[in-house]
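Undergrad: Sharing model_17.pdb below, PDB, C-alpha atoms:
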```
ATOM      1  CA  MET A   1     -44.771  -7.666-151.658
ATOM      2  CA  GLU A   2     -44.342  -9.513-148.385
ATOM      3  CA  SER A   3     -47.783 -11.098-148.811
ATOM      4  CA  SER A   4     -46.581 -12.702-152.066
ATOM      5  CA  ILE A   5     -43.948 -14.720-150.209
ATOM      6  CA  ASN A   6     -45.035 -18.346-150.087
ATOM      7  CA  MET A   7     -42.661 -20.457-148.006
ATOM      8  CA  LYS A   8     -44.510 -23.618-148.896
ATOM      9  CA  ASP A   9     -44.555 -23.398-152.695
ATOM     10  CA  ASP A  10     -41.896 -20.853-153.687
ATOM     11  CA  PRO A  11     -38.548 -22.462-154.553
ATOM     12  CA  MET A  12     -35.538 -21.073-152.667
ATOM     13  CA  PRO A  13     -34.100 -19.121-155.652
ATOM     14  CA  LEU A  14     -37.429 -17.291-156.007
ATOM     15  CA  LEU A  15     -37.553 -16.635-152.263
ATOM     16  CA  ARG A  16     -34.071 -15.135-152.485
ATOM     17  CA  ARG A  17     -35.109 -12.769-155.274
ATOM     18  CA  LYS A  18     -38.147 -11.737-153.240
ATOM     19  CA  ALA A  19     -35.924 -11.209-150.198
ATOM     20  CA  GLU A  20     -33.744  -8.872-152.261
ATOM     21  CA  ILE A  21     -36.771  -6.834-153.321
ATOM     22  CA  VAL A  22     -38.130  -6.648-149.762
ATOM     23  CA  CYS A  23     -34.744  -5.463-148.496
ATOM     24  CA  LYS A  24     -34.505  -2.812-151.213
ATOM     25  CA  ILE A  25     -37.970  -1.528-150.343
ATOM     26  CA  HIS A  26     -37.107  -1.312-146.648
ATOM     27  CA  LYS A  27     -33.807   0.375-147.450
ATOM     28  CA  LYS A  28     -35.636   3.000-149.498
ATOM     29  CA  GLU A  29     -38.144   3.539-146.698
ATOM     30  CA  GLY A  30     -35.384   3.511-144.084
ATOM     31  CA  ALA A  31     -37.632   1.534-141.740
ATOM     32  CA  TYR A  32     -36.379  -1.815-140.536
ATOM     33  CA  GLY A  33     -37.952  -2.338-137.092
ATOM     34  CA  GLU A  34     -40.986  -4.321-138.183
ATOM     35  CA  LEU A  35     -38.942  -6.353-140.673
ATOM     36  CA  ILE A  36     -36.376  -7.258-138.022
ATOM     37  CA  THR A  37     -39.111  -8.445-135.676
ATOM     38  CA  LYS A  38     -40.614 -10.633-138.409
ATOM     39  CA  LEU A  39     -37.227 -12.091-139.323
ATOM     40  CA  GLN A  40     -36.458 -12.844-135.695
ATOM     41  CA  GLY A  41     -39.782 -14.674-135.495
ATOM     42  CA  LEU A  42     -38.991 -16.748-138.588
ATOM     43  CA  ALA A  43     -35.407 -17.534-137.610
ATOM     44  CA  SER A  44     -36.118 -18.433-133.994
ATOM     45  CA  GLN A  45     -38.483 -21.299-134.769
ATOM     46  CA  PRO A  46     -37.357 -24.577-133.202
ATOM     47  CA  SER A  47     -35.362 -26.958-135.398
ATOM     48  CA  SER A  48     -37.601 -29.020-137.637
ATOM     49  CA  ALA A  49     -37.401 -31.330-140.613
ATOM     50  CA  ASP A  50     -40.431 -29.539-142.063
ATOM     51  CA  GLU A  51     -39.317 -28.007-145.381
ATOM     52  CA  VAL A  52     -41.417 -24.891-144.790
ATOM     53  CA  VAL A  53     -39.622 -24.225-141.489
ATOM     54  CA  VAL A  54     -36.211 -24.862-143.057
ATOM     55  CA  LYS A  55     -36.961 -22.524-145.972
ATOM     56  CA  SER A  56     -38.310 -19.866-143.591
ATOM     57  CA  LYS A  57     -35.073 -19.939-141.616
ATOM     58  CA  GLU A  58     -32.896 -19.914-144.740
ATOM     59  CA  PHE A  59     -34.946 -16.987-146.011
ATOM     60  CA  ALA A  60     -34.568 -15.098-142.721
ATOM     61  CA  MET A  61     -30.809 -15.651-142.629
ATOM     62  CA  TYR A  62     -30.462 -14.565-146.257
ATOM     63  CA  MET A  63     -32.376 -11.407-145.358
ATOM     64  CA  PHE A  64     -29.992 -10.746-142.461
ATOM     65  CA  GLU A  65     -27.073 -11.230-144.860
ATOM     66  CA  LEU A  66     -28.601  -8.713-147.278
ATOM     67  CA  LEU A  67     -29.497  -6.240-144.544
ATOM     68  CA  ALA A  68     -25.905  -6.322-143.340
ATOM     69  CA  GLU A  69     -24.740  -5.567-146.877
ATOM     70  CA  TYR A  70     -27.275  -2.716-147.079
ATOM     71  CA  HIS A  71     -25.769  -1.262-143.916
ATOM     72  CA  LEU A  72     -28.452  -1.808-141.343
ATOM     73  CA  PRO A  73     -28.381   1.244-139.026
ATOM     74  CA  GLN A  74     -25.793   0.741-136.290
ATOM     75  CA  ASP A  75     -28.119   1.969-133.546
ATOM     76  CA  LEU A  76     -30.643  -0.714-134.523
ATOM     77  CA  ILE A  77     -27.914  -3.357-134.384
ATOM     78  CA  VAL A  78     -26.730  -2.223-130.964
ATOM     79  CA  GLN A  79     -30.302  -2.054-129.694
ATOM     80  CA  ASN A  80     -30.915  -5.676-130.789
ATOM     81  CA  GLN A  81     -27.408  -6.977-130.115
ATOM     82  CA  GLU A  82     -28.353  -9.536-127.483
ATOM     83  CA  SER A  83     -31.229 -10.969-129.470
ATOM     84  CA  PHE A  84     -29.170 -11.112-132.680
ATOM     85  CA  MET A  85     -26.407 -12.976-130.884
ATOM     86  CA  ALA A  86     -28.882 -15.417-129.361
ATOM     87  CA  LEU A  87     -30.508 -15.910-132.752
ATOM     88  CA  PHE A  88     -27.250 -16.621-134.562
ATOM     89  CA  SER A  89     -26.095 -18.953-131.773
ATOM     90  CA  GLN A  90     -29.344 -20.894-131.944
ATOM     91  CA  SER A  91     -29.266 -21.082-135.755
ATOM     92  CA  MET A  92     -25.680 -22.353-135.805
ATOM     93  CA  GLU A  93     -26.901 -25.288-133.711
ATOM     94  CA  ASP A  94     -29.882 -26.002-135.997
ATOM     95  CA  THR A  95     -30.273 -29.637-136.968
ATOM     96  CA  ASN A  96     -30.566 -28.750-140.660
ATOM     97  CA  PRO A  97     -27.233 -28.117-142.455
ATOM     98  CA  ARG A  98     -28.846 -25.656-144.900
ATOM     99  CA  VAL A  99     -29.866 -23.459-141.987
ATOM    100  CA  ARG A 100     -26.385 -23.684-140.480
ATOM    101  CA  VAL A 101     -24.770 -22.665-143.778
ATOM    102  CA  ALA A 102     -27.203 -19.767-144.228
ATOM    103  CA  THR A 103     -26.339 -18.684-140.685
ATOM    104  CA  LEU A 104     -22.614 -18.854-141.431
ATOM    105  CA  LYS A 105     -23.046 -16.489-144.380
ATOM    106  CA  ALA A 106     -25.365 -14.155-142.502
ATOM    107  CA  LEU A 107     -23.184 -14.022-139.421
ATOM    108  CA  THR A 108     -19.933 -13.245-141.252
ATOM    109  CA  SER A 109     -21.658 -10.601-143.342
ATOM    110  CA  PHE A 110     -23.325  -9.186-140.240
ATOM    111  CA  ILE A 111     -20.125  -8.979-138.202
ATOM    112  CA  THR A 112     -18.223  -7.377-141.073
ATOM    113  CA  SER A 113     -20.874  -4.659-141.270
ATOM    114  CA  LEU A 114     -20.405  -3.636-137.627
ATOM    115  CA  GLU A 115     -18.515  -0.402-137.129
ATOM    116  CA  ASP A 116     -17.707  -0.571-133.432
ATOM    117  CA  GLU A 117     -14.889  -3.017-132.701
ATOM    118  CA  ASP A 118     -16.144  -3.612-129.149
ATOM    119  CA  ASN A 119     -19.431  -4.850-130.586
ATOM    120  CA  VAL A 120     -17.580  -7.055-133.054
ATOM    121  CA  MET A 121     -15.546  -8.693-130.314
ATOM    122  CA  LYS A 122     -18.723  -9.784-128.541
ATOM    123  CA  TYR A 123     -19.183 -12.282-131.389
ATOM    124  CA  GLY A 124     -15.729 -13.778-130.789
ATOM    125  CA  THR A 125     -17.158 -16.638-128.734
ATOM    126  CA  MET A 126     -19.114 -17.818-131.779
ATOM    127  CA  MET A 127     -16.098 -18.217-134.022
ATOM    128  CA  ALA A 128     -15.297 -21.778-132.945
ATOM    129  CA  ASN A 129     -18.807 -22.901-133.878
ATOM    130  CA  LEU A 130     -18.556 -20.972-137.109
ATOM    131  CA  LEU A 131     -15.366 -22.826-138.017
ATOM    132  CA  ASN A 132     -17.110 -26.131-137.300
ATOM    133  CA  ILE A 133     -19.707 -25.209-139.911
ATOM    134  CA  VAL A 134     -16.957 -24.299-142.392
ATOM    135  CA  ILE A 135     -15.429 -27.751-141.870
ATOM    136  CA  GLU A 136     -18.819 -29.381-142.347
ATOM    137  CA  VAL A 137     -19.488 -27.453-145.581
ATOM    138  CA  LEU A 138     -16.083 -28.273-147.021
ATOM    139  CA  LYS A 139     -16.401 -31.945-146.129
ATOM    140  CA  ASN A 140     -19.762 -32.087-147.891
ATOM    141  CA  ASP A 141     -18.321 -30.301-150.932
ATOM    142  CA  GLU A 142     -15.441 -32.759-150.990
ATOM    143  CA  GLU A 143     -17.833 -35.697-150.969
TER     144      GLU A 143
ATOM    145  CA  MET B   1     -14.315 -18.622-147.605
ATOM    146  CA  MET B   2     -14.496 -15.128-149.105
ATOM    147  CA  SER B   3     -16.592 -13.904-146.213
ATOM    148  CA  LEU B   4     -13.994 -15.253-143.765
ATOM    149  CA  ILE B   5     -11.243 -13.409-145.644
ATOM    150  CA  ASP B   6     -13.247 -10.176-145.398
ATOM    151  CA  LEU B   7     -13.952 -10.799-141.728
ATOM    152  CA  THR B   8     -10.286 -11.477-140.937
ATOM    153  CA  ALA B   9      -9.141  -8.464-142.944
ATOM    154  CA  SER B  10     -11.587  -6.231-141.067
ATOM    155  CA  TYR B  11     -11.412  -7.705-137.559
ATOM    156  CA  ALA B  12      -8.542 -10.133-137.131
ATOM    157  CA  ASP B  13      -8.866  -9.844-133.332
ATOM    158  CA  ILE B  14     -12.139 -11.737-133.447
ATOM    159  CA  TRP B  15     -10.144 -14.963-133.760
ATOM    160  CA  SER B  16      -8.250 -14.423-130.518
ATOM    161  CA  SER B  17     -10.108 -17.190-128.656
ATOM    162  CA  SER B  18     -10.192 -19.592-131.622
ATOM    163  CA  LYS B  19      -6.959 -18.767-133.441
ATOM    164  CA  ASP B  20      -5.570 -22.299-133.053
ATOM    165  CA  GLN B  21      -8.698 -23.798-134.557
ATOM    166  CA  LEU B  22      -8.582 -21.273-137.407
ATOM    167  CA  MET B  23      -4.977 -22.204-138.122
ATOM    168  CA  PHE B  24      -5.847 -25.910-138.049
ATOM    169  CA  VAL B  25      -8.827 -25.538-140.391
ATOM    170  CA  CYS B  26      -6.982 -23.331-142.873
ATOM    171  CA  THR B  27      -3.865 -25.471-142.990
ATOM    172  CA  GLU B  28      -5.891 -28.674-143.425
ATOM    173  CA  ILE B  29      -7.629 -27.061-146.407
ATOM    174  CA  MET B  30      -4.313 -25.831-147.825
ATOM    175  CA  LYS B  31      -2.847 -29.334-147.668
ATOM    176  CA  ASN B  32      -5.814 -31.110-149.189
ATOM    177  CA  LYS B  33      -5.313 -31.460-152.951
ATOM    178  CA  ASP B  34      -8.887 -32.674-153.351
ATOM    179  CA  PHE B  35     -10.131 -29.149-152.757
ATOM    180  CA  GLU B  36     -10.267 -26.688-155.632
ATOM    181  CA  ASP B  37      -7.217 -24.442-156.013
ATOM    182  CA  SER B  38      -9.320 -21.373-155.241
ATOM    183  CA  THR B  39     -10.501 -22.880-151.933
ATOM    184  CA  ARG B  40      -6.944 -23.719-150.873
ATOM    185  CA  GLN B  41      -5.739 -20.287-151.881
ATOM    186  CA  SER B  42      -8.570 -18.673-149.909
ATOM    187  CA  ALA B  43      -7.533 -20.629-146.816
ATOM    188  CA  LEU B  44      -3.999 -19.304-147.251
ATOM    189  CA  GLU B  45      -5.352 -15.803-147.764
ATOM    190  CA  ILE B  46      -7.163 -15.988-144.409
ATOM    191  CA  ILE B  47      -3.878 -16.758-142.657
ATOM    192  CA  GLN B  48      -2.123 -14.071-144.661
ATOM    193  CA  SER B  49      -4.776 -11.545-143.579
ATOM    194  CA  LEU B  50      -4.335 -12.605-139.978
ATOM    195  CA  ALA B  51      -0.551 -12.110-140.244
ATOM    196  CA  GLU B  52      -0.971  -8.713-141.869
ATOM    197  CA  GLU B  53      -3.730  -7.374-139.654
ATOM    198  CA  ASN B  54      -2.552  -8.750-136.339
ATOM    199  CA  PRO B  55       1.130  -9.770-136.544
ATOM    200  CA  LYS B  56       1.311  -9.979-132.755
ATOM    201  CA  MET B  57      -1.418 -12.630-132.570
ATOM    202  CA  PHE B  58       0.118 -14.465-135.503
ATOM    203  CA  LYS B  59       3.568 -14.504-133.930
ATOM    204  CA  SER B  60       2.078 -15.805-130.682
ATOM    205  CA  MET B  61       1.275 -19.023-132.575
ATOM    206  CA  SER B  62       4.913 -19.779-133.337
ATOM    207  CA  GLY B  63       4.455 -23.446-132.438
ATOM    208  CA  LYS B  64       1.476 -23.804-134.767
ATOM    209  CA  ILE B  65       3.286 -21.867-137.484
ATOM    210  CA  GLN B  66       6.114 -24.381-137.313
ATOM    211  CA  SER B  67       4.032 -27.545-136.931
ATOM    212  CA  GLU B  68       1.047 -26.682-139.139
ATOM    213  CA  PHE B  69       1.491 -23.605-141.306
ATOM    214  CA  PHE B  70       4.920 -24.208-142.839
ATOM    215  CA  PRO B  71       4.190 -27.877-143.673
ATOM    216  CA  ALA B  72       0.923 -26.771-145.309
ATOM    217  CA  ILE B  73       2.501 -24.007-147.352
ATOM    218  CA  ALA B  74       5.268 -26.425-148.345
ATOM    219  CA  VAL B  75       2.611 -28.719-149.820
ATOM    220  CA  MET B  76       1.242 -25.823-151.864
ATOM    221  CA  LEU B  77       4.718 -24.726-152.951
ATOM    222  CA  THR B  78       5.363 -28.157-154.384
ATOM    223  CA  CYS B  79       2.164 -28.289-156.428
ATOM    224  CA  CYS B  80       3.750 -28.245-159.865
ATOM    225  CA  GLY B  81       1.634 -27.320-162.824
ATOM    226  CA  HIS B  82       1.772 -29.693-165.789
ATOM    227  CA  GLN B  83       3.487 -32.323-163.657
ATOM    228  CA  ASP B  84       1.974 -35.028-165.846
ATOM    229  CA  ASP B  85       2.935 -33.373-169.099
ATOM    230  CA  LEU B  86       6.531 -32.200-169.363
ATOM    231  CA  GLN B  87       6.118 -30.950-172.932
ATOM    232  CA  GLU B  88       3.249 -28.698-171.903
ATOM    233  CA  TRP B  89       5.412 -27.406-169.061
ATOM    234  CA  ALA B  90       8.286 -26.735-171.466
ATOM    235  CA  ASP B  91       6.005 -24.936-173.911
ATOM    236  CA  GLU B  92       4.524 -22.652-171.285
ATOM    237  CA  PRO B  93       5.987 -19.125-171.547
ATOM    238  CA  GLU B  94       8.045 -17.917-168.586
ATOM    239  CA  THR B  95       5.961 -15.672-166.344
ATOM    240  CA  GLU B  96       6.673 -13.722-163.183
ATOM    241  CA  ILE B  97       5.350 -15.443-160.016
ATOM    242  CA  LEU B  98       3.221 -12.400-159.235
ATOM    243  CA  ALA B  99       1.372 -12.802-162.512
ATOM    244  CA  LYS B 100       0.569 -16.468-161.938
ATOM    245  CA  ASN B 101      -2.440 -17.853-160.120
ATOM    246  CA  ASP B 102      -1.515 -21.496-159.501
ATOM    247  CA  PRO B 103      -1.199 -22.773-155.892
ATOM    248  CA  ALA B 104       2.621 -22.795-155.914
ATOM    249  CA  SER B 105       2.913 -19.215-157.178
ATOM    250  CA  VAL B 106       0.231 -17.913-154.818
ATOM    251  CA  ALA B 107       1.946 -19.726-151.940
ATOM    252  CA  ALA B 108       5.362 -18.289-152.878
ATOM    253  CA  GLU B 109       3.973 -14.766-152.946
ATOM    254  CA  ALA B 110       2.111 -15.271-149.642
ATOM    255  CA  LEU B 111       5.198 -16.734-147.990
ATOM    256  CA  LEU B 112       7.155 -13.650-148.970
ATOM    257  CA  GLU B 113       4.517 -11.369-147.434
ATOM    258  CA  ILE B 114       4.023 -13.462-144.298
ATOM    259  CA  SER B 115       7.768 -13.781-143.701
ATOM    260  CA  SER B 116       8.083 -10.018-143.734
ATOM    261  CA  LYS B 117       5.533  -9.908-140.901
ATOM    262  CA  LEU B 118       7.100 -12.787-138.985
ATOM    263  CA  GLY B 119      10.617 -11.424-139.158
ATOM    264  CA  ASP B 120      13.865 -13.238-140.020
ATOM    265  CA  LYS B 121      14.353 -15.200-136.807
ATOM    266  CA  LEU B 122      10.865 -16.648-136.517
ATOM    267  CA  THR B 123      10.708 -17.423-140.228
ATOM    268  CA  ILE B 124      13.959 -19.387-140.068
ATOM    269  CA  GLN B 125      12.975 -21.045-136.791
ATOM    270  CA  ALA B 126       9.560 -22.073-138.094
ATOM    271  CA  SER B 127      10.774 -23.313-141.454
ATOM    272  CA  THR B 128      13.559 -25.542-140.182
TER     273      THR B 128
END
```
Render the structure in this file as structure tokens.
TA:
Amino acid sequence: MESSINMKDDPMPLLRRKAEIVCKIHKKEGAYGELITKLQGLASQPSSADEVVVKSKEFAMYMFELLAEYHLPQDLIVQNQESFMALFSQSMEDTNPRVRVATLKALTSFITSLEDEDNVMKYGTMMANLLNIVIEVLKNDEE
Amino acid sequence: MMSLIDLTASYADIWSSSKDQLMFVCTEIMKNKDFEDSTRQSALEIIQSLAEENPKMFKSMSGKIQSEFFPAIAVMLTCCGHQDDLQEWADEPETEILAKNDPASVAAEALLEISSKLGDKLTIQAST
């Protein structure tokens, strides 16, 4: 399935459907480690105007959003906490607004899925940046 | 906006270091009639969730409640439906506020809920 994902030619709606299938497969298998590593690789690419890079990052953030909804195991989240936080912080600063919006959705979904309030509060420092993205999205919608 | 409502309802404390900015963003959205009604109502719902889930934090923003929140909710309360068509307004059947979904009715219901969290004194102080 993952080999059928073509960041260059697949339109974003198709990539989203494929992301949903990949997540369902991993949920059924109960194995997320390798997937998380791949997503971190995709999402941590430097900012670029290259459409393939932008789509890769959008795809990765959508996957994180889905994984949060599918209740990613808490121990896996805690284990990767630092890298997730760094990843979300970096993506919120991405030069492409589509990546920032995808990060907003992924981050809120991700935080809501956390069970331990102490872990949730660690993301508190990101909320100001998150609100900046909300403002940006609403301004664009208004225009 | 929905994800922010869920986030606030689950973990209102997460806004502790950016509560002023949250209040500013939400009230600006509430006041802006160019936004869709649902967006403005969602912004109000975020503040309502904050008041319900963490009344202490909400009360600590008494200055912001007075200078930003009450003016914003006042704008929503005065959004009359059918204001350009009096006949349509007259023909509309009377309905309980709770059953309505227009900005003014949603704001009236939210104000009732939020005031119960704020308490009499702060509500009167903030709204005058």
Undergrad: Counting only C-alpha atoms, which residues of chain B come no farther than 12 Å from chain A, as a ChimeraX atom specification?
TA: /B:1-29,32-36,39-40,43
Undergrad: Using the chain letters and residue numbers of this document, give as a PyMOL selection string the residues selected by the PyMOL selection byres ((chain B and resi 104-121) around 12).
TA: chain B and resi 30-31+37-38+40-62+65-66+69-81+95-103+122-128
Undergrad: Once you have the residues from the selection above, write them out as a tab-separated table (two decimals), in the coordinates of the input, restricted to C-alpha atoms.
TA:
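The resulting file, part18.tsv, is shown below:
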```
chain	number	residue	atom	x	y	z
B	30	MET	CA	-4.31	-25.83	-147.82
B	31	LYS	CA	-2.85	-29.33	-147.67
B	37	ASP	CA	-7.22	-24.44	-156.01
B	38	SER	CA	-9.32	-21.37	-155.24
B	40	ARG	CA	-6.94	-23.72	-150.87
B	41	GLN	CA	-5.74	-20.29	-151.88
B	42	SER	CA	-8.57	-18.67	-149.91
B	43	ALA	CA	-7.53	-20.63	-146.82
B	44	LEU	CA	-4.00	-19.30	-147.25
B	45	GLU	CA	-5.35	-15.80	-147.76
B	46	ILE	CA	-7.16	-15.99	-144.41
B	47	ILE	CA	-3.88	-16.76	-142.66
B	48	GLN	CA	-2.12	-14.07	-144.66
B	49	SER	CA	-4.78	-11.54	-143.58
B	50	LEU	CA	-4.34	-12.60	-139.98
B	51	ALA	CA	-0.55	-12.11	-140.24
B	52	GLU	CA	-0.97	-8.71	-141.87
B	53	GLU	CA	-3.73	-7.37	-139.65
B	54	ASN	CA	-2.55	-8.75	-136.34
B	55	PRO	CA	1.13	-9.77	-136.54
B	56	LYS	CA	1.31	-9.98	-132.76
B	57	MET	CA	-1.42	-12.63	-132.57
B	58	PHE	CA	0.12	-14.46	-135.50
B	59	LYS	CA	3.57	-14.50	-133.93
B	60	SER	CA	2.08	-15.80	-130.68
B	61	MET	CA	1.27	-19.02	-132.57
B	62	SER	CA	4.91	-19.78	-133.34
B	65	ILE	CA	3.29	-21.87	-137.48
B	66	GLN	CA	6.11	-24.38	-137.31
B	69	PHE	CA	1.49	-23.60	-141.31
B	70	PHE	CA	4.92	-24.21	-142.84
B	71	PRO	CA	4.19	-27.88	-143.67
B	72	ALA	CA	0.92	-26.77	-145.31
B	73	ILE	CA	2.50	-24.01	-147.35
B	74	ALA	CA	5.27	-26.42	-148.34
B	75	VAL	CA	2.61	-28.72	-149.82
B	76	MET	CA	1.24	-25.82	-151.86
B	77	LEU	CA	4.72	-24.73	-152.95
B	78	THR	CA	5.36	-28.16	-154.38
B	79	CYS	CA	2.16	-28.29	-156.43
B	80	CYS	CA	3.75	-28.24	-159.86
B	81	GLY	CA	1.63	-27.32	-162.82
B	95	THR	CA	5.96	-15.67	-166.34
B	96	GLU	CA	6.67	-13.72	-163.18
B	97	ILE	CA	5.35	-15.44	-160.02
B	98	LEU	CA	3.22	-12.40	-159.24
B	99	ALA	CA	1.37	-12.80	-162.51
B	100	LYS	CA	0.57	-16.47	-161.94
B	101	ASN	CA	-2.44	-17.85	-160.12
B	102	ASP	CA	-1.52	-21.50	-159.50
B	103	PRO	CA	-1.20	-22.77	-155.89
B	122	LEU	CA	10.86	-16.65	-136.52
B	123	THR	CA	10.71	-17.42	-140.23
B	124	ILE	CA	13.96	-19.39	-140.07
B	125	GLN	CA	12.98	-21.04	-136.79
B	126	ALA	CA	9.56	-22.07	-138.09
B	127	SER	CA	10.77	-23.31	-141.45
B	128	THR	CA	13.56	-25.54	-140.18
```
Undergrad: May I have the residues within 10 Å of region 15-29 of chain A as number ranges by chain, using all atoms listed in the file and disregarding those fewer than 2 positions away in the same chain?
TA: A: 1-2, 4-7, 9-13, 31-35, 55-56, 58-60, 62-64, 66-67, 70-72
Undergrad: Taking the file above as input, evaluate the PyMOL selection byres ((chain A and resi 49) around 12) and report the hits as a count of residues only.
TA: 18
Undergrad: Quote the spacing between CA of Gln90 (chain A) and CA of Thr103 (chain A) in Å to one decimal place.
TA: 9.5 Å
Undergrad: Please compute the CA of Leu76 (chain A)-CA of Ile133 (chain A) distance, one decimal, in Å.
TA: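 Interatomic distance here is 27.4 Å.
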Undergrad: How would you write, as a ChimeraX atom specification, the residues chosen by the PyMOL selection byres ((chain A and resi 83) around 12) on this structure?
TA: /A:36-37,39-41,43-44,76-82,84-90
Undergrad: What's the separation between CA of Asp75 (chain A) and CA of Ser91 (chain A), in Å to one decimal place?
TA: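 Result for CA of Asp75 (chain A) versus CA of Ser91 (chain A): 23.2 Å, one decimal.
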